[in-house]
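Structure data (mmCIF, C-alpha atoms) from query.cif:
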```cif
data_coords
loop_
_atom_site.label_atom_id
_atom_site.label_comp_id
_atom_site.auth_asym_id
_atom_site.auth_seq_id
_atom_site.Cartn_x
_atom_site.Cartn_y
_atom_site.Cartn_z
CA MET I 1 -17.36 62.77 -46.85
CA THR I 2 -13.73 63.45 -47.72
CA ASN I 3 -11.56 61.97 -50.45
CA VAL I 4 -14.32 60.05 -52.19
CA SER I 5 -12.77 58.27 -55.16
CA ILE I 6 -13.90 58.05 -58.76
CA LYS I 7 -12.09 56.14 -61.50
CA SER I 8 -11.52 58.37 -64.50
CA GLU I 9 -11.05 56.78 -67.89
CA ILE I 10 -10.35 60.20 -69.41
CA LEU I 11 -7.52 61.01 -66.99
CA SER I 12 -6.40 57.39 -66.61
CA ARG I 13 -6.30 57.61 -62.83
CA ASP I 14 -8.44 57.67 -59.72
CA LYS I 15 -9.65 61.14 -58.82
CA LEU I 16 -10.83 62.45 -55.46
CA PHE I 17 -13.56 64.81 -54.34
CA ASN I 18 -15.10 65.93 -51.07
CA ILE I 19 -18.87 66.07 -50.71
CA TYR I 20 -21.09 67.82 -48.18
CA LEU I 21 -24.48 66.23 -47.47
CA PRO I 22 -27.10 68.33 -45.64
CA PRO I 23 -28.15 67.32 -42.09
CA ASP I 24 -31.38 65.57 -43.12
CA TYR I 25 -29.89 63.81 -46.15
CA ASP I 26 -30.15 60.24 -44.78
CA SER I 27 -33.72 60.57 -43.54
CA SER I 28 -35.16 62.53 -46.46
CA GLN I 29 -36.62 61.22 -49.71
CA GLU I 30 -35.81 64.46 -51.51
CA VAL I 31 -33.33 64.84 -54.32
CA TYR I 32 -31.31 67.93 -53.46
CA PRO I 33 -29.88 70.73 -55.54
CA VAL I 34 -26.14 70.36 -56.02
CA LEU I 35 -23.38 72.95 -56.01
CA TYR I 36 -19.98 72.22 -57.52
CA LEU I 37 -17.57 74.35 -55.49
CA LEU I 38 -14.14 74.79 -57.11
CA HIS I 39 -11.01 75.43 -55.05
CA GLY I 40 -8.25 77.93 -55.76
CA SER I 41 -4.60 77.43 -56.62
CA GLY I 42 -1.73 76.59 -54.31
CA THR I 43 1.25 74.37 -53.63
CA ARG I 44 -0.26 71.75 -51.31
CA PRO I 45 -1.10 68.41 -52.98
CA ASP I 46 -4.71 68.25 -51.70
CA LEU I 47 -6.07 71.65 -52.67
CA HIS I 48 -9.65 70.42 -52.41
CA GLN I 49 -9.11 69.82 -48.70
CA ARG I 50 -8.54 73.49 -47.84
CA LEU I 51 -12.24 74.37 -47.72
CA VAL I 52 -12.93 71.41 -45.45
CA ASP I 53 -10.04 72.41 -43.19
CA ALA I 54 -11.46 75.93 -43.00
CA GLY I 55 -14.67 74.65 -41.39
CA PHE I 56 -16.89 74.44 -44.45
CA GLN I 57 -19.18 71.80 -42.93
CA GLY I 58 -19.93 74.00 -39.93
CA LYS I 59 -20.58 76.98 -42.19
CA MET I 60 -23.08 75.04 -44.31
CA ASP I 61 -24.82 73.54 -41.28
CA SER I 62 -25.18 77.03 -39.78
CA LEU I 63 -26.48 78.64 -42.98
CA ILE I 64 -29.04 75.88 -43.45
CA ALA I 65 -30.14 76.01 -39.80
CA SER I 66 -30.63 79.78 -40.04
CA GLY I 67 -32.73 79.45 -43.18
CA LYS I 68 -30.35 81.60 -45.23
CA VAL I 69 -29.48 78.63 -47.45
CA ASN I 70 -31.73 75.78 -48.45
CA PRO I 71 -30.39 72.24 -47.95
CA MET I 72 -28.11 71.29 -50.80
CA VAL I 73 -25.31 68.89 -51.67
CA VAL I 74 -21.90 70.49 -52.26
CA VAL I 75 -19.17 68.78 -54.27
CA ILE I 76 -15.54 69.94 -53.98
CA PRO I 77 -13.44 68.19 -56.65
CA ASP I 78 -9.66 67.88 -56.62
CA ALA I 79 -8.49 69.81 -59.69
CA GLU I 80 -4.79 69.90 -58.82
CA MET I 81 -3.17 72.88 -60.61
CA THR I 82 -4.97 72.29 -63.91
CA PHE I 83 -6.78 75.64 -63.82
CA TYR I 84 -9.76 73.39 -64.68
CA LEU I 85 -8.57 73.35 -68.31
CA ASN I 86 -8.12 70.67 -70.90
CA ASN I 87 -4.53 70.24 -72.08
CA ILE I 88 -3.63 71.85 -75.41
CA ASN I 89 -2.23 68.53 -76.69
CA GLY I 90 -5.00 66.35 -75.31
CA ASP I 91 -2.73 64.79 -72.66
CA TYR I 92 -4.79 65.67 -69.56
CA GLN I 93 -8.37 66.71 -70.26
CA PHE I 94 -9.65 67.94 -66.89
CA GLU I 95 -12.67 69.79 -68.26
CA ASP I 96 -13.79 66.69 -70.16
CA TYR I 97 -13.38 64.62 -66.98
CA PHE I 98 -15.42 67.10 -64.93
CA ILE I 99 -18.30 67.37 -67.40
CA GLU I 100 -18.42 63.84 -68.81
CA GLU I 101 -17.43 61.74 -65.78
CA LEU I 102 -17.56 63.57 -62.46
CA VAL I 103 -20.96 65.26 -62.76
CA PRO I 104 -22.81 62.14 -64.01
CA ALA I 105 -21.09 59.89 -61.45
CA VAL I 106 -21.88 62.16 -58.51
CA GLU I 107 -25.51 62.66 -59.50
CA LYS I 108 -26.01 58.95 -60.04
CA ARG I 109 -24.50 57.95 -56.69
CA PHE I 110 -25.97 60.73 -54.53
CA LYS I 111 -29.48 62.16 -54.29
CA CYS I 112 -28.76 65.43 -56.05
CA GLY I 113 -28.99 67.39 -59.28
CA GLY I 114 -30.37 65.61 -62.29
CA GLU I 115 -31.05 68.70 -64.38
CA LYS I 116 -29.91 72.29 -64.93
CA ALA I 117 -32.44 73.91 -62.58
CA PHE I 118 -30.93 72.05 -59.63
CA ARG I 119 -27.24 72.45 -60.49
CA GLY I 120 -24.99 75.38 -59.63
CA ILE I 121 -21.27 76.08 -59.80
CA ALA I 122 -19.04 78.40 -57.79
CA GLY I 123 -15.37 78.95 -57.10
CA GLN I 124 -12.68 81.17 -55.72
CA SER I 125 -9.62 82.47 -57.57
CA MET I 126 -8.52 79.63 -59.90
CA GLY I 127 -11.82 77.97 -59.07
CA GLY I 128 -13.69 81.14 -59.99
CA PHE I 129 -12.02 81.00 -63.40
CA GLY I 130 -13.10 77.35 -63.72
CA ALA I 131 -16.67 78.10 -62.69
CA LEU I 132 -16.99 80.87 -65.27
CA LEU I 133 -15.31 78.75 -67.94
CA TYR I 134 -17.68 75.82 -67.44
CA SER I 135 -20.70 78.14 -67.33
CA LEU I 136 -19.71 79.71 -70.64
CA HIS I 137 -18.72 76.41 -72.26
CA HIS I 138 -21.71 74.46 -70.89
CA PRO I 139 -24.55 76.87 -70.08
CA GLU I 140 -27.05 74.05 -70.59
CA LEU I 141 -25.75 72.40 -67.41
CA PHE I 142 -25.66 75.17 -64.79
CA ASN I 143 -28.45 77.32 -63.43
CA ALA I 144 -26.27 79.79 -61.53
CA CYS I 145 -22.59 80.66 -61.16
CA ALA I 146 -21.00 82.54 -58.25
CA VAL I 147 -17.32 83.52 -58.25
CA LEU I 148 -15.06 85.10 -55.64
CA ALA I 149 -11.97 86.95 -56.91
CA ALA I 150 -11.99 84.87 -60.08
CA ALA I 151 -8.60 84.52 -61.82
CA ILE I 152 -9.73 86.41 -64.92
CA ARG I 153 -6.73 87.90 -66.74
CA THR I 154 -6.49 90.15 -69.76
CA ASP I 155 -4.32 89.15 -72.71
CA GLU I 156 -1.82 91.80 -71.65
CA GLN I 157 -1.59 90.33 -68.16
CA ILE I 158 -1.04 86.86 -69.60
CA GLU I 159 1.71 88.11 -71.90
CA GLU I 160 3.41 90.13 -69.16
CA MET I 161 3.20 87.44 -66.47
CA PRO I 162 6.69 86.39 -65.30
CA TYR I 163 7.73 83.08 -66.85
CA GLU I 164 7.87 81.25 -63.51
CA ASP I 165 4.34 82.37 -62.61
CA PHE I 166 2.98 81.42 -66.03
CA LEU I 167 4.61 78.00 -65.70
CA LYS I 168 3.12 77.46 -62.23
CA ASN I 169 -0.38 78.43 -63.29
CA TYR I 170 -0.71 77.06 -66.81
CA LYS I 171 1.79 74.24 -67.30
CA SER I 172 -0.91 71.58 -67.03
CA ALA I 173 -2.86 73.26 -69.86
CA PHE I 174 -0.03 74.43 -72.12
CA GLY I 175 2.23 71.42 -71.64
CA GLU I 176 5.85 72.07 -72.48
CA ILE I 177 6.26 75.78 -71.81
CA ASN I 178 9.42 77.69 -72.53
CA ARG I 179 10.16 81.39 -72.42
CA ASN I 180 9.28 81.76 -76.12
CA THR I 181 5.94 79.96 -75.91
CA VAL I 182 3.20 81.94 -77.67
CA ARG I 183 0.67 82.50 -74.93
CA ILE I 184 -2.18 84.19 -76.79
CA ASN I 185 -3.33 81.70 -79.40
CA ASP I 186 -6.50 79.90 -80.49
CA PHE I 187 -6.27 77.58 -77.49
CA TRP I 188 -6.09 80.48 -75.05
CA ASN I 189 -8.89 82.37 -76.78
CA SER I 190 -11.16 79.33 -76.55
CA ASN I 191 -10.61 79.35 -72.77
CA SER I 192 -10.23 83.07 -72.05
CA ILE I 193 -13.15 84.39 -70.02
CA LEU I 194 -12.88 87.87 -71.53
CA TYR I 195 -12.58 86.53 -75.09
CA LEU I 196 -15.58 84.24 -74.60
CA ILE I 197 -17.78 86.95 -73.08
CA SER I 198 -16.95 89.17 -76.06
CA ASN I 199 -17.55 86.58 -78.76
CA LEU I 200 -20.25 84.14 -77.65
CA PRO I 201 -23.90 84.84 -78.56
CA ILE I 202 -25.74 86.89 -75.95
CA LYS I 203 -28.49 84.29 -75.81
CA ARG I 204 -25.94 81.67 -74.79
CA ILE I 205 -24.27 83.80 -72.11
CA SER I 206 -27.59 84.83 -70.56
CA GLN I 207 -28.61 81.22 -69.89
CA VAL I 208 -26.71 81.32 -66.57
CA LYS I 209 -27.28 83.66 -63.60
CA TYR I 210 -23.98 85.26 -62.53
CA TYR I 211 -22.66 86.59 -59.23
CA ILE I 212 -19.22 88.25 -59.26
CA ASP I 213 -17.49 89.30 -56.04
CA ILE I 214 -14.06 90.95 -55.70
CA GLY I 215 -12.06 92.70 -52.98
CA ASP I 216 -11.21 96.35 -53.58
CA ASP I 217 -7.50 95.63 -53.01
CA ASP I 218 -7.39 92.36 -54.95
CA HIS I 219 -4.77 92.11 -57.70
CA LEU I 220 -7.38 90.45 -59.94
CA TYR I 221 -9.63 93.52 -59.89
CA LYS I 222 -9.19 94.36 -63.58
CA GLY I 223 -10.42 91.10 -65.10
CA ASN I 224 -13.41 90.92 -62.74
CA SER I 225 -14.29 94.55 -63.43
CA LEU I 226 -14.06 94.05 -67.19
CA PHE I 227 -16.25 90.94 -66.99
CA HIS I 228 -18.88 92.96 -65.10
CA ILE I 229 -18.63 95.87 -67.55
CA LYS I 230 -19.09 93.54 -70.52
CA LEU I 231 -22.18 91.98 -68.92
CA ARG I 232 -23.57 95.48 -68.33
CA ASP I 233 -22.84 96.49 -71.93
CA LEU I 234 -24.64 93.36 -73.14
CA GLU I 235 -27.53 94.15 -70.74
CA ILE I 236 -27.24 90.71 -69.15
CA ALA I 237 -28.66 90.75 -65.63
CA HIS I 238 -26.15 89.74 -62.95
CA GLU I 239 -24.90 90.64 -59.49
CA TYR I 240 -21.57 92.42 -58.94
CA ARG I 241 -20.05 93.15 -55.53
CA VAL I 242 -16.90 94.98 -54.49
CA ARG I 243 -16.06 94.60 -50.81
CA ASP I 244 -13.18 95.58 -48.58
CA GLY I 245 -10.50 92.94 -48.92
CA LYS I 246 -7.38 91.52 -50.48
CA HIS I 247 -6.74 88.14 -52.13
CA ASN I 248 -6.50 86.23 -48.85
CA ARG I 249 -8.34 83.86 -46.52
CA ILE I 250 -10.05 86.67 -44.63
CA TYR I 251 -11.71 87.92 -47.81
CA PHE I 252 -12.75 84.45 -48.96
CA ARG I 253 -14.23 83.58 -45.56
CA THR I 254 -16.32 86.75 -45.45
CA ALA I 255 -17.41 86.58 -49.10
CA LEU I 256 -18.39 82.91 -49.28
CA ASP I 257 -21.67 83.23 -47.38
CA ASP I 258 -23.16 85.66 -49.91
CA ALA I 259 -22.11 83.44 -52.80
CA LEU I 260 -23.77 80.41 -51.21
CA ILE I 261 -26.94 82.42 -50.54
CA PHE I 262 -27.03 83.58 -54.18
CA ILE I 263 -26.74 80.01 -55.45
CA SER I 264 -29.43 78.81 -53.03
CA ASN I 265 -31.83 81.59 -54.01
CA ASN I 266 -31.54 80.60 -57.65
CA PHE I 267 -32.40 76.94 -57.12
CA ASN I 268 -35.97 75.87 -57.61
CA ASN I 269 -37.58 73.65 -55.00
CA PRO I 270 -35.89 70.23 -54.76
CA LEU I 271 -37.23 67.38 -56.86
CA THR I 272 -38.49 64.26 -55.17
CA THR I 273 -37.28 60.73 -55.78
CA THR I 274 -40.60 59.91 -57.41
CA ASN I 275 -40.19 62.39 -60.26
CA LYS I 276 -36.43 62.60 -60.73
CA ARG I 277 -35.52 62.10 -64.40
#
```

Do you think you could lay out the structure here as structure tokens?
Amino acid sequence: MTNVSIKSEILSRDKLFNIYLPPDYDSSQEVYPVLYLLHGSGTRPDLHQRLVDAGFQGKMDSLIASGKVNPMVVVIPDAEMTFYLNNINGDYQFEDYFIEELVPAVEKRFKCGGEKAFRGIAGQSMGGFGALLYSLHHPELFNACAVLAAAIRTDEQIEEMPYEDFLKNYKSAFGEINRNTVRINDFWNSNSILYLISNLPIKRISQVKYYIDIGDDDHLYKGNSLFHIKLRDLEIAHEYRVRDGKHNRIYFRTALDDALIFISNNFNNPLTTTNKR
């Protein structure tokens, strides 16, 4: 189902999402696990449509038919170029919308989720950043998190990013940005993946099962490597993969299957409608 609409009071507008329902959804009484799959950045207005255009439905049908992935519902929200962040001034709170409105609305309308054990999150590039951010901010909600070439940047990379690139990526979050805007501040630290992994309690971080995947020629190699190293130093079990590839569609197509399999393997058996909630 494409471009399903939800009215957001937090964002003061209608928001769209795509949703994949497994082949036996209509005939089954089961309540399925749900994966929130977060898209990457770009210039097109309907970024959430790219995965659908790339044949995502066929991929899921094939993985389920082969037994590599258990039947699940997959939600692909439209995040625009928000980087999945709340705005520093409170003008456009996308994270609040996602957690407080989208997740409850989806799981009330469709036969999916209902509790942490049956809820996963994944993403690529900007969406990988969002998936990690929500897992670290809300570990009580997500059982597993899988990211592909997540847009994890060091403080130095943020400070050295050309102004035009910083504006394109973070304008929604930082609001009015000029060339003298202080980029590393309390707001950034509260949303920086590397800051959070270094400062949150280990018990909190370890509540989610992590899968990190990166191409060996990807420009985002440093942040992903440092995230993995920090997890190793903290002795938090996780999966880390480096494969041949750059930050392009070929890499994402080849890497997505393993991420979906990881999420599926970490779901418990689906609930039934008789015992949900």

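The spacing separating atom CA of Phe110 of chain I from atom CA of Pro139 of chain I amounts to 22.5 Å.
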
For Val34 of chain I, work out the shell of residues within 6 Å, counting all atoms listed in the file and skipping chain neighbours fewer than 4 positions away, then give it as a PDB file with C-alpha atoms, in the frame of the given file.
```pdb
ATOM      1  CA  MET I  72     -28.110  71.290 -50.800  1.00  0.00           C
ATOM      2  CA  VAL I  73     -25.310  68.890 -51.670  1.00  0.00           C
ATOM      3  CA  VAL I  74     -21.900  70.490 -52.260  1.00  0.00           C
ATOM      4  CA  CYS I 112     -28.760  65.430 -56.050  1.00  0.00           C
ATOM      5  CA  GLY I 113     -28.990  67.390 -59.280  1.00  0.00           C
ATOM      6  CA  ARG I 119     -27.240  72.450 -60.490  1.00  0.00           C
TER       7      ARG I 119
END
```

- Query: Using only C-alpha atoms, which residues sit within 8 Å of segment 81-85 of chain I once same-chain residues fewer than 6 positions away are excluded, as an MDAnalysis selection string?
  - Reply: chainID I and resid 41:42 93:95 126:127 129:130 168:173 191

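Separating atom CA of Glu176 of chain I from atom CA of Leu196 of chain I is a distance of 24.7 Å.
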
- Quick one: residues within 8 Å of Val75 of chain I, all atoms listed in the file counted, chain neighbours fewer than 4 positions away excluded, as number ranges by chain? I: 17-20, 34-37

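Nearest residue to Ala237 of chain I, choosing from I:Arg13, I:Ser206, I:Asp218, I:Ile250 and counting all atoms listed in the file: I:Ser206.
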
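The nearest approach to Pro22 of chain I among the residues I:Pro77, I:Pro71, I:Pro201, I:Gly40, with all atoms listed in the file taken into account, belongs to I:Pro71.
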
- Task: Please write as a ChimeraX atom specification the full residue list that the PyMOL selection byres ((chain I and resi 239) around 10) yields on this file.
- Result: /I:146,209-213,228,231,236-238,240-241,262

Could you name the residues that touch Ile193 of chain I at 12 Å or less, counting all atoms listed in the file, but leaving out those on the same chain fewer than 4 positions away, as an mmCIF file with C-alpha atoms, keeping the file's coordinate frame?
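In the end it all went to result.cif:
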```cif
data_model
loop_
_atom_site.group_PDB
_atom_site.id
_atom_site.type_symbol
_atom_site.label_atom_id
_atom_site.label_comp_id
_atom_site.auth_asym_id
_atom_site.auth_seq_id
_atom_site.Cartn_x
_atom_site.Cartn_y
_atom_site.Cartn_z
ATOM 1 C CA GLY I 128 -13.690 81.140 -59.990
ATOM 2 C CA PHE I 129 -12.020 81.000 -63.400
ATOM 3 C CA GLY I 130 -13.100 77.350 -63.720
ATOM 4 C CA ALA I 131 -16.670 78.100 -62.690
ATOM 5 C CA LEU I 132 -16.990 80.870 -65.270
ATOM 6 C CA LEU I 133 -15.310 78.750 -67.940
ATOM 7 C CA TYR I 134 -17.680 75.820 -67.440
ATOM 8 C CA SER I 135 -20.700 78.140 -67.330
ATOM 9 C CA LEU I 136 -19.710 79.710 -70.640
ATOM 10 C CA HIS I 137 -18.720 76.410 -72.260
ATOM 11 C CA ALA I 150 -11.990 84.870 -60.080
ATOM 12 C CA ALA I 151 -8.600 84.520 -61.820
ATOM 13 C CA ILE I 152 -9.730 86.410 -64.920
ATOM 14 C CA ARG I 153 -6.730 87.900 -66.740
ATOM 15 C CA THR I 154 -6.490 90.150 -69.760
ATOM 16 C CA ASP I 155 -4.320 89.150 -72.710
ATOM 17 C CA TRP I 188 -6.090 80.480 -75.050
ATOM 18 C CA ASN I 189 -8.890 82.370 -76.780
ATOM 19 C CA ILE I 197 -17.780 86.950 -73.080
ATOM 20 C CA SER I 198 -16.950 89.170 -76.060
ATOM 21 C CA ASN I 199 -17.550 86.580 -78.760
ATOM 22 C CA LEU I 200 -20.250 84.140 -77.650
ATOM 23 C CA ILE I 205 -24.270 83.800 -72.110
ATOM 24 C CA GLY I 223 -10.420 91.100 -65.100
ATOM 25 C CA ASN I 224 -13.410 90.920 -62.740
ATOM 26 C CA LEU I 226 -14.060 94.050 -67.190
ATOM 27 C CA PHE I 227 -16.250 90.940 -66.990
ATOM 28 C CA HIS I 228 -18.880 92.960 -65.100
ATOM 29 C CA LYS I 230 -19.090 93.540 -70.520
ATOM 30 C CA LEU I 231 -22.180 91.980 -68.920
#
```

To verify the selection step, state as a tab-separated table (two decimals) with C-alpha atoms, in the coordinates of the input which residues the PyMOL selection byres ((chain I and resi 78) around 9) yields on this input.
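Result file out.tsv:
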```tsv
chain	number	residue	atom	x	y	z
I	3	ASN	CA	-11.56	61.97	-50.45
I	15	LYS	CA	-9.65	61.14	-58.82
I	16	LEU	CA	-10.83	62.45	-55.46
I	17	PHE	CA	-13.56	64.81	-54.34
I	18	ASN	CA	-15.10	65.93	-51.07
I	38	LEU	CA	-14.14	74.79	-57.11
I	39	HIS	CA	-11.01	75.43	-55.05
I	46	ASP	CA	-4.71	68.25	-51.70
I	47	LEU	CA	-6.07	71.65	-52.67
I	48	HIS	CA	-9.65	70.42	-52.41
I	49	GLN	CA	-9.11	69.82	-48.70
I	76	ILE	CA	-15.54	69.94	-53.98
I	77	PRO	CA	-13.44	68.19	-56.65
I	79	ALA	CA	-8.49	69.81	-59.69
I	80	GLU	CA	-4.79	69.90	-58.82
```

- Go through the shown structure with the PyMOL selection byres ((chain I and resi 70) around 12) and write out the matching residues as a count of residues only. 33

- Considering all atoms listed in the file, state which residue in the set I:Phe252, I:Ala259, I:Leu194, I:Ser225 is at the smallest distance from Ala54 of chain I. I:Phe252

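With all atoms listed in the file as the atoms that count, the residue of I:Glu30, I:Ser190, I:Tyr163, I:Ala149 with the shortest distance to Ile177 of chain I is I:Tyr163.
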
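Note that atom CA of Tyr195 of chain I and atom CA of Gly123 of chain I are 19.7 Å apart.
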